[in-house]
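Dropping my_file33.pdb in here (PDB, C-alpha atoms):
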ATOM      1  CA  MET A 297      -4.793 -16.893  -2.171
ATOM      2  CA  VAL A 298      -5.543 -16.999   1.561
ATOM      3  CA  THR A 299      -2.658 -16.299   3.932
ATOM      4  CA  GLY A 300      -2.528 -15.674   7.679
ATOM      5  CA  TYR A 301      -1.090 -13.210  10.168
ATOM      6  CA  TYR A 302      -0.875 -12.882  13.938
ATOM      7  CA  GLU A 303       0.192 -10.541  16.727
ATOM      8  CA  PRO A 304       3.751 -11.484  17.747
ATOM      9  CA  LEU A 305       5.149 -11.307  21.255
ATOM     10  CA  LEU A 306       8.730 -10.042  21.204
ATOM     11  CA  ARG A 307      11.360  -9.234  23.789
ATOM     12  CA  VAL A 308      12.633  -5.667  23.645
ATOM     13  CA  SER A 309      15.088  -3.383  25.426
ATOM     14  CA  PRO A 310      14.630   0.342  26.097
ATOM     15  CA  THR A 311      18.233   0.919  24.984
ATOM     16  CA  PRO A 312      20.578  -0.808  22.514
ATOM     17  CA  ALA A 313      22.123  -3.969  23.985
ATOM     18  CA  PRO A 314      23.644  -7.232  22.754
ATOM     19  CA  GLY A 315      20.888  -9.035  20.882
ATOM     20  CA  PHE A 316      18.759  -5.879  20.797
ATOM     21  CA  THR A 317      20.213  -3.854  17.953
ATOM     22  CA  ALA A 318      17.225  -3.183  15.662
ATOM     23  CA  PRO A 319      15.198   0.003  16.268
ATOM     24  CA  LEU A 320      11.406   0.054  16.456
ATOM     25  CA  LEU A 321      10.556   3.545  15.242
ATOM     26  CA  ALA A 322       7.672   5.932  15.709
ATOM     27  CA  PRO A 323       6.523   7.951  12.661
ATOM     28  CA  ALA A 324       8.670  11.022  12.055
ATOM     29  CA  PRO A 325       6.785  13.785  10.198
ATOM     30  CA  GLY A 326       9.068  15.475   7.717
ATOM     31  CA  ALA A 327      11.627  12.664   7.732
ATOM     32  CA  PRO A 328      13.233  11.829   4.367
ATOM     33  CA  ASP A 329      11.627   9.000   2.399
ATOM     34  CA  LEU A 330      14.385   6.437   2.841
ATOM     35  CA  ASP A 331      14.335   2.728   2.130
ATOM     36  CA  ARG A 332      15.045   0.108   4.818
ATOM     37  CA  ALA A 333      18.825   0.340   4.472
ATOM     38  CA  GLY A 334      18.706   4.149   4.511
ATOM     39  CA  ILE A 335      16.582   4.279   7.658
ATOM     40  CA  GLU A 336      18.825   1.830   9.509
ATOM     41  CA  ALA A 337      21.919   3.799   8.484
ATOM     42  CA  ALA A 338      20.338   7.085   9.610
ATOM     43  CA  VAL A 339      19.496   5.627  13.023
ATOM     44  CA  ALA A 340      22.989   4.139  13.425
ATOM     45  CA  GLN A 341      24.579   7.505  12.569
ATOM     46  CA  GLY A 342      22.253   9.480  14.851
ATOM     47  CA  ARG A 343      20.644  11.290  11.914
ATOM     48  CA  TRP A 344      17.107   9.905  12.231
ATOM     49  CA  PRO A 345      14.790  12.718  13.401
ATOM     50  CA  GLY A 346      12.151  10.478  14.987
ATOM     51  CA  GLN A 347      11.743   8.565  18.235
ATOM     52  CA  VAL A 348      13.075   5.070  18.856
ATOM     53  CA  LEU A 349      10.364   3.276  20.856
ATOM     54  CA  ALA A 350      12.480   0.248  21.773
ATOM     55  CA  TRP A 351      15.207  -2.060  20.496
ATOM     56  CA  ALA A 352      14.728  -5.669  19.405
ATOM     57  CA  ASP A 353      16.422  -8.618  17.762
ATOM     58  CA  PRO A 354      16.815  -7.765  14.039
ATOM     59  CA  VAL A 355      14.852 -10.794  12.822
ATOM     60  CA  ASP A 356      12.080 -10.223  15.381
ATOM     61  CA  ALA A 357      11.872  -6.566  14.350
ATOM     62  CA  PHE A 358      11.715  -7.505  10.662
ATOM     63  CA  PHE A 359       8.801  -9.880  11.170
ATOM     64  CA  LEU A 360       7.021  -7.455  13.488
ATOM     65  CA  GLN A 361       6.923  -5.051  10.557
ATOM     66  CA  ILE A 362       5.414  -7.754   8.354
ATOM     67  CA  GLN A 363       2.676  -8.456  10.908
ATOM     68  CA  GLY A 364       2.011  -4.760  11.524
ATOM     69  CA  SER A 365       1.463  -4.924  15.298
ATOM     70  CA  GLY A 366       2.720  -6.827  18.312
ATOM     71  CA  ARG A 367       3.273  -7.020  22.055
ATOM     72  CA  ALA A 368       6.583  -5.748  23.405
ATOM     73  CA  VAL A 369       7.944  -7.450  26.533
ATOM     74  CA  PHE A 370      10.510  -5.396  28.480
ATOM     75  CA  PRO A 371      13.227  -6.923  30.713
ATOM     76  CA  ASP A 372      11.128  -6.339  33.861
ATOM     77  CA  GLY A 373       8.210  -8.276  32.345
ATOM     78  CA  THR A 374       6.136  -5.222  31.465
ATOM     79  CA  GLN A 375       4.101  -5.626  28.282
ATOM     80  CA  ARG A 376       3.033  -2.832  25.952
ATOM     81  CA  ARG A 377       1.187  -3.105  22.679
ATOM     82  CA  LEU A 378       2.755  -1.760  19.495
ATOM     83  CA  GLY A 379       0.269  -0.663  16.846
ATOM     84  CA  TYR A 380       0.741   0.220  13.200
ATOM     85  CA  GLY A 381       1.884   3.823  12.793
ATOM     86  CA  GLY A 382       2.522   4.121   9.051
ATOM     87  CA  LYS A 383       5.134   3.134   6.490
ATOM     88  CA  ASN A 384       7.725   4.621   4.177
ATOM     89  CA  GLY A 385       6.992   5.071   0.502
ATOM     90  CA  HIS A 386       8.737   1.932  -0.719
ATOM     91  CA  PRO A 387       7.032  -1.285  -1.888
ATOM     92  CA  TYR A 388       6.945  -4.505   0.085
ATOM     93  CA  VAL A 389       9.184  -7.239  -1.354
ATOM     94  CA  PRO A 390       8.682 -10.767   0.060
ATOM     95  CA  ILE A 391      12.083 -12.190   0.932
ATOM     96  CA  GLY A 392      10.741 -15.736   0.734
ATOM     97  CA  ARG A 393      10.387 -15.203  -3.010
ATOM     98  CA  LEU A 394      13.994 -14.016  -3.160
ATOM     99  CA  LEU A 395      15.198 -17.151  -1.369
ATOM    100  CA  ILE A 396      13.359 -19.256  -3.959
ATOM    101  CA  GLU A 397      14.827 -17.279  -6.865
ATOM    102  CA  ARG A 398      18.321 -17.694  -5.430
ATOM    103  CA  GLY A 399      17.899 -21.429  -4.977
ATOM    104  CA  ALA A 400      18.287 -21.212  -1.207
ATOM    105  CA  MET A 401      14.859 -22.698  -0.530
ATOM    106  CA  ALA A 402      12.244 -24.673  -2.468
ATOM    107  CA  ARG A 403       8.829 -23.058  -2.905
ATOM    108  CA  GLU A 404       7.065 -25.744  -0.846
ATOM    109  CA  GLN A 405       9.512 -25.130   2.019
ATOM    110  CA  VAL A 406       8.785 -21.426   2.389
ATOM    111  CA  SER A 407       7.013 -20.384   5.574
ATOM    112  CA  MET A 408       7.545 -17.759   8.224
ATOM    113  CA  GLN A 409       9.261 -20.382  10.386
ATOM    114  CA  SER A 410      11.643 -21.544   7.628
ATOM    115  CA  ILE A 411      12.565 -17.973   6.666
ATOM    116  CA  ARG A 412      13.264 -17.091  10.302
ATOM    117  CA  ALA A 413      15.428 -20.186  10.659
ATOM    118  CA  TRP A 414      17.390 -19.245   7.516
ATOM    119  CA  LEU A 415      17.987 -15.689   8.770
ATOM    120  CA  HIS A 416      19.182 -16.882  12.174
ATOM    121  CA  ALA A 417      21.512 -19.475  10.613
ATOM    122  CA  ALA A 418      23.002 -17.136   7.996
ATOM    123  CA  PRO A 419      26.012 -14.910   8.749
ATOM    124  CA  PRO A 420      24.694 -11.588  10.154
ATOM    125  CA  GLY A 421      25.864  -9.614   7.123
ATOM    126  CA  GLU A 422      24.154 -11.972   4.688
ATOM    127  CA  ALA A 423      20.924 -11.930   6.716
ATOM    128  CA  ARG A 424      20.983  -8.131   6.810
ATOM    129  CA  VAL A 425      21.459  -7.875   3.043
ATOM    130  CA  LEU A 426      18.471 -10.162   2.445
ATOM    131  CA  MET A 427      16.225  -8.188   4.801
ATOM    132  CA  GLU A 428      17.354  -4.925   3.178
ATOM    133  CA  ALA A 429      16.178  -6.326  -0.169
ATOM    134  CA  ASN A 430      12.710  -5.530   1.190
ATOM    135  CA  PRO A 431      12.859  -1.700   1.134
ATOM    136  CA  SER A 432       9.524  -1.268   2.920
ATOM    137  CA  TRP A 433       9.648  -0.044   6.526
ATOM    138  CA  VAL A 434       6.751   0.021   8.999
ATOM    139  CA  PHE A 435       6.533   2.515  11.868
ATOM    140  CA  PHE A 436       4.765   1.870  15.164
ATOM    141  CA  ARG A 437       3.098   3.672  18.028
ATOM    142  CA  TRP A 438       2.230   2.585  21.533
ATOM    143  CA  ARG A 439      -1.377   1.426  21.881
ATOM    144  CA  ASP A 440      -1.800   1.405  25.646
ATOM    145  CA  ASP A 441      -5.472   2.245  25.056
ATOM    146  CA  LEU A 442      -6.169  -1.317  23.862
ATOM    147  CA  PRO A 443      -6.496  -3.944  26.627
ATOM    148  CA  LEU A 444      -4.013  -6.790  26.294
ATOM    149  CA  ALA A 445      -6.868  -9.254  26.832
ATOM    150  CA  GLY A 446      -8.191  -8.448  23.346
ATOM    151  CA  GLY A 447      -6.806  -8.203  19.851
ATOM    152  CA  PRO A 448      -4.860  -5.405  18.169
ATOM    153  CA  ALA A 449      -6.604  -2.670  16.220
ATOM    154  CA  GLY A 450      -7.175  -3.181  12.516
ATOM    155  CA  THR A 451      -7.441  -0.477   9.881
ATOM    156  CA  LEU A 452     -10.972   0.319  11.056
ATOM    157  CA  GLY A 453      -9.705   0.949  14.595
ATOM    158  CA  ALA A 454     -11.722  -1.910  16.110
ATOM    159  CA  PRO A 455      -9.926  -4.819  17.830
ATOM    160  CA  LEU A 456      -9.345  -7.826  15.588
ATOM    161  CA  THR A 457     -10.972 -11.144  16.486
ATOM    162  CA  PRO A 458      -8.910 -14.336  16.073
ATOM    163  CA  GLY A 459     -10.270 -16.474  13.266
ATOM    164  CA  ARG A 460     -12.951 -13.947  12.309
ATOM    165  CA  SER A 461     -11.056 -10.877  11.039
ATOM    166  CA  VAL A 462      -9.342 -10.643   7.656
ATOM    167  CA  ALA A 463      -7.123  -8.141   5.911
ATOM    168  CA  VAL A 464      -8.135  -7.348   2.333
ATOM    169  CA  ASP A 465      -7.283  -5.065  -0.548
ATOM    170  CA  ARG A 466      -9.665  -2.166   0.033
ATOM    171  CA  ALA A 467      -9.460  -1.266  -3.675
ATOM    172  CA  HIS A 468     -11.523  -4.399  -4.347
ATOM    173  CA  THR A 469     -13.188  -5.304  -1.041
ATOM    174  CA  PRO A 470     -14.898  -2.577   1.025
ATOM    175  CA  LEU A 471     -13.778  -2.525   4.640
ATOM    176  CA  ASN A 472     -16.392  -3.746   7.136
ATOM    177  CA  SER A 473     -17.806  -6.159   4.526
ATOM    178  CA  PRO A 474     -18.840  -9.658   5.585
ATOM    179  CA  VAL A 475     -16.741 -12.134   3.624
ATOM    180  CA  TRP A 476     -17.148 -15.888   3.233
ATOM    181  CA  ILE A 477     -13.889 -17.808   2.786
ATOM    182  CA  ALA A 478     -13.501 -21.431   1.746
ATOM    183  CA  THR A 479      -9.981 -22.812   2.071
ATOM    184  CA  ARG A 480      -7.943 -25.311   4.133
ATOM    185  CA  HIS A 481      -6.585 -25.195   7.673
ATOM    186  CA  PRO A 482      -2.785 -24.738   7.395
ATOM    187  CA  LEU A 483      -1.955 -27.177  10.220
ATOM    188  CA  THR A 484      -4.558 -29.931   9.825
ATOM    189  CA  GLY A 485      -5.400 -29.706   6.112
ATOM    190  CA  GLU A 486      -9.098 -29.854   6.990
ATOM    191  CA  ARG A 487     -11.656 -27.696   5.206
ATOM    192  CA  LEU A 488     -11.903 -24.195   6.634
ATOM    193  CA  GLU A 489     -15.120 -22.421   5.673
ATOM    194  CA  ARG A 490     -16.444 -19.498   7.671
ATOM    195  CA  LEU A 491     -17.863 -16.002   7.727
ATOM    196  CA  VAL A 492     -15.294 -13.314   8.513
ATOM    197  CA  ILE A 493     -15.230  -9.511   8.516
ATOM    198  CA  ALA A 494     -12.933  -7.335   6.402
ATOM    199  CA  GLN A 495     -11.396  -5.218   9.162
ATOM    200  CA  ASP A 496      -7.808  -4.704   8.092
ATOM    201  CA  THR A 497      -5.403  -4.067   5.207
ATOM    202  CA  GLY A 498      -1.780  -4.948   4.502
ATOM    203  CA  GLY A 499       1.008  -3.968   2.150
ATOM    204  CA  ALA A 500       1.240  -7.495   0.716
ATOM    205  CA  ILE A 501      -2.526  -7.977   0.322
ATOM    206  CA  ARG A 502      -3.319  -7.081  -3.271
ATOM    207  CA  GLY A 503      -6.098  -8.136  -5.647
ATOM    208  CA  PRO A 504      -9.780  -9.085  -5.465
ATOM    209  CA  ALA A 505      -9.483 -12.787  -4.573
ATOM    210  CA  ARG A 506      -7.187 -12.217  -1.612
ATOM    211  CA  ALA A 507      -7.621 -12.535   2.154
ATOM    212  CA  ASP A 508      -5.231 -12.570   5.115
ATOM    213  CA  LEU A 509      -6.791 -14.322   8.117
ATOM    214  CA  PHE A 510      -5.939 -13.069  11.617
ATOM    215  CA  TRP A 511      -5.121 -15.997  13.910
ATOM    216  CA  GLY A 512      -4.547 -14.266  17.255
ATOM    217  CA  TRP A 513      -1.491 -13.984  19.489
ATOM    218  CA  GLU A 514      -0.814 -17.361  21.095
ATOM    219  CA  GLU A 515       1.897 -19.832  20.009
ATOM    220  CA  ASN A 516      -0.524 -21.813  17.836
ATOM    221  CA  ALA A 517      -1.516 -18.557  16.136
ATOM    222  CA  ALA A 518       2.091 -18.034  15.061
ATOM    223  CA  LEU A 519       2.317 -21.606  13.728
ATOM    224  CA  ALA A 520      -0.924 -21.333  11.746
ATOM    225  CA  ALA A 521      -0.210 -17.860  10.394
ATOM    226  CA  GLY A 522       3.345 -18.727   9.398
ATOM    227  CA  ARG A 523       2.319 -21.803   7.430
ATOM    228  CA  MET A 524      -0.884 -20.510   5.867
ATOM    229  CA  ARG A 525      -0.602 -20.037   2.133
ATOM    230  CA  GLU A 526      -3.636 -21.792   0.743
ATOM    231  CA  THR A 527      -5.685 -21.497  -2.380
ATOM    232  CA  GLY A 528      -9.358 -20.948  -1.789
ATOM    233  CA  ARG A 529     -12.479 -19.049  -2.755
ATOM    234  CA  VAL A 530     -13.603 -15.704  -1.385
ATOM    235  CA  TRP A 531     -17.096 -14.244  -1.548
ATOM    236  CA  VAL A 532     -17.790 -10.617  -0.586
ATOM    237  CA  LEU A 533     -21.389 -10.321   0.646
ATOM    238  CA  ARG A 534     -23.308  -7.186  -0.262
ATOM    239  CA  PRO A 535     -26.925  -6.071   0.238
ATOM    240  CA  ARG A 536     -29.303  -6.784  -2.618
ATOM    241  CA  GLY A 537     -30.487  -3.878  -4.693
TER     242      GLY A 537
END
Have the structure of the file written as structure tokens, please.
Amino acid sequence: MVTGYYEPLLRVSPTPAPGFTAPLLAPAPGAPDLDRAGIEAAVAQGRWPGQVLAWADPVDAFFLQIQGSGRAVFPDGTQRRLGYGGKNGHPYVPIGRLLIERGAMAREQVSMQSIRAWLHAAPPGEARVLMEANPSWVFFRWRDDLPLAGGPAGTLGAPLTPGRSVAVDRAHTPLNSPVWIATRHPLTGERLERLVIAQDTGGAIRGPARADLFWGWEENAALAAGRMRETGRVWVLRPRG
């Protein structure tokens, strides 16, 4: 299975405001190991011991955690990069699968775009309950050290390159390995065969024949990443001998 991810651009507020009610949190050493609902409740009640970096739309914040990094745009137009800062100890549960199981969406309809549309159309309470069914929570940190002209940092610390960096399961694929993927382009359906580098990991990337292709940060990157769920073949290249 070959999927895709990208670096989202999201509007944020330095303080809670209408439309900006979801906290983007920095890691909090010593904080209790709460699930998504527990963390949100702790923040709302003023019991969370860590720093709130910014506030965002709840759906935007949810998908930022899935992508693992992004670009925050403040009301004055200032942009700052948010990098992965860690996660809680709870497993990632794909809510697209839950929508299929509940009969709310057919399997062939599921994409990032269709899930976002469902969450925005649903009553706020119902959308919140669905997002809380994924107990995993991702923390962030400011990455002002990385120029906005380039990509975000992957697990190796090096900037990711659109179309040439993939996230893998490091239990099966060594990081920094050259990998050949053969699959289909999610927007055109054309063959997509290329050499990429295993530079990143992800909570949903599990198994040996698995790759998550980084598409970049422009609008087309979001379209391609959101729709990419293709079968394919993956070769990990290793030195002889």
Considering only C-alpha atoms, give me a table of residues in segment 360-457 of chain A that are at most 7 Å from segment 517-525 of chain A, with the closest atom pair and distance in Å for each, as JSON lines.
{"residue": "A:Ser407", "atom": "CA", "partner": "A:Arg523", "partner_atom": "CA", "distance": 5.2}
{"residue": "A:Met408", "atom": "CA", "partner": "A:Gly522", "partner_atom": "CA", "distance": 4.5}
{"residue": "A:Gln409", "atom": "CA", "partner": "A:Gly522", "partner_atom": "CA", "distance": 6.2}
Same residues, C-alpha atoms, output as an mmCIF file, keeping the file's coordinate frame:
data_model
loop_
_atom_site.group_PDB
_atom_site.id
_atom_site.type_symbol
_atom_site.label_atom_id
_atom_site.label_comp_id
_atom_site.auth_asym_id
_atom_site.auth_seq_id
_atom_site.Cartn_x
_atom_site.Cartn_y
_atom_site.Cartn_z
ATOM 1 C CA SER A 407 7.013 -20.384 5.574
ATOM 2 C CA MET A 408 7.545 -17.759 8.224
ATOM 3 C CA GLN A 409 9.261 -20.382 10.386
#
Practice item. For segment 499-515 of chain A, list every protein, DNA or RNA residue within 9 Å, evaluated using only C-alpha atoms, and leave out those in the same chain fewer than 4 positions away; present the list as a ChimeraX atom specification. Key: /A:297-305,362,366-367,387-390,432,447-448,456-469,477,492,494,519-521,524,528-531
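With all atoms listed in the file as the atoms that count, the residue of A:Gln341, A:Val532, A:Ala324, A:Val355 with the shortest distance to Pro420 of chain A is A:Val355.
Note that atom CA of Asn516 of chain A and atom CA of His416 of chain A are 21.1 Å apart.
Taking atom CA of Val369 of chain A as the reference point, atom CA of Val308 of chain A is found at 5.8 Å.
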Exercise for review: Pull out every residue that the PyMOL selection byres ((chain A and resi 438) around 8) matches in the shown coordinates and put them as a PyMOL selection string.
Suggested key: chain A and resi 376-379+436-437+439-440
Review point. What does the distance between atom CA of Arg343 of chain A and atom CA of Leu330 of chain A come to in Å, to one decimal place?
Key: 12.0 Å
**Study point:** Output of the PyMOL selection byres ((chain A and resi 317) around 12), listed as JSON, numbers by chain
**Key:** {"A": [307, 308, 309, 310, 311, 312, 313, 314, 315, 316, 318, 319, 320, 336, 339, 340, 348, 350, 351, 352, 353, 354, 355, 356, 357, 358, 420, 424]}
Exercise for review: Tell me which protein, DNA and RNA residues are within 8 Å of Ala429 of chain A, counting only C-alpha atoms, leaving out same-chain ones fewer than 2 positions away, and put them as number ranges by chain.
Suggested key: A: 389, 391, 425-427, 431
Could those selected residues go to a file with C-alpha atoms, as a PDB file, keeping the file's coordinate frame?
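Result file follows (selection.pdb):
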ATOM      1  CA  VAL A 389       9.184  -7.239  -1.354  1.00  0.00           C
ATOM      2  CA  ILE A 391      12.083 -12.190   0.932  1.00  0.00           C
ATOM      3  CA  VAL A 425      21.459  -7.875   3.043  1.00  0.00           C
ATOM      4  CA  LEU A 426      18.471 -10.162   2.445  1.00  0.00           C
ATOM      5  CA  MET A 427      16.225  -8.188   4.801  1.00  0.00           C
ATOM      6  CA  PRO A 431      12.859  -1.700   1.134  1.00  0.00           C
TER       7      PRO A 431
END
Kindly list the centre and edge lengths in Å, rounded to one decimal, for the axis-aligned box that covers all listed atoms of segment 371-387 of chain A plus 6 Å on each of its six sides, as lines of an AutoDock Vina configuration file.
center_x = 6.7
center_y = -1.6
center_z = 16.0
size_x = 25.0
size_y = 25.3
size_z = 47.7
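Take the candidates A:Glu404, A:Leu349, A:Thr527, A:Arg412 and check each one against Ala368 of chain A using only C-alpha atoms; the shortest distance goes to A:Leu349.
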Point to revise | Output of the PyMOL selection byres ((chain A and resi 490) around 6), listed as a ChimeraX atom specification | key: /A:476-477,489,491
Around (-3.6, -1.4, 14.6), as given in the file, which residues come within 7 Å? Count all atoms listed in the file and list them as a compact mmCIF listing (two decimals) with C-alpha atoms, in the coordinates of the input.
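Final file, selection-v3.txt:
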# COMPACT_ATOMS: atom_id res chain seq x y z
CA SER A 365 1.46 -4.92 15.30
CA GLY A 379 0.27 -0.66 16.85
CA TYR A 380 0.74 0.22 13.20
CA PRO A 448 -4.86 -5.40 18.17
CA ALA A 449 -6.60 -2.67 16.22
CA GLY A 450 -7.18 -3.18 12.52
CA THR A 451 -7.44 -0.48 9.88
CA GLY A 453 -9.70 0.95 14.60
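Considering the residues A:Val475, A:Ala413, A:Val434, A:Leu488 and counting all atoms listed in the file, Asn384 of chain A has its shortest atom-to-atom contact with A:Val434.
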Study note, to complete from the structure: In terms of only C-alpha atoms, the residue from A:Pro443, A:Phe435, A:Arg536, A:Pro323 at minimal distance from Gln375 of chain A is A:Pro443
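Counting only C-alpha atoms and comparing A:Ile411, A:Leu471, A:Ile493, A:Leu321, the residue that lies closest to Gly382 of chain A is A:Leu321.
In this comparison, which uses all atoms listed in the file, the residue of A:Pro535, A:Thr497, A:Leu306, A:Arg480 approaching Pro371 of chain A most closely is A:Leu306.
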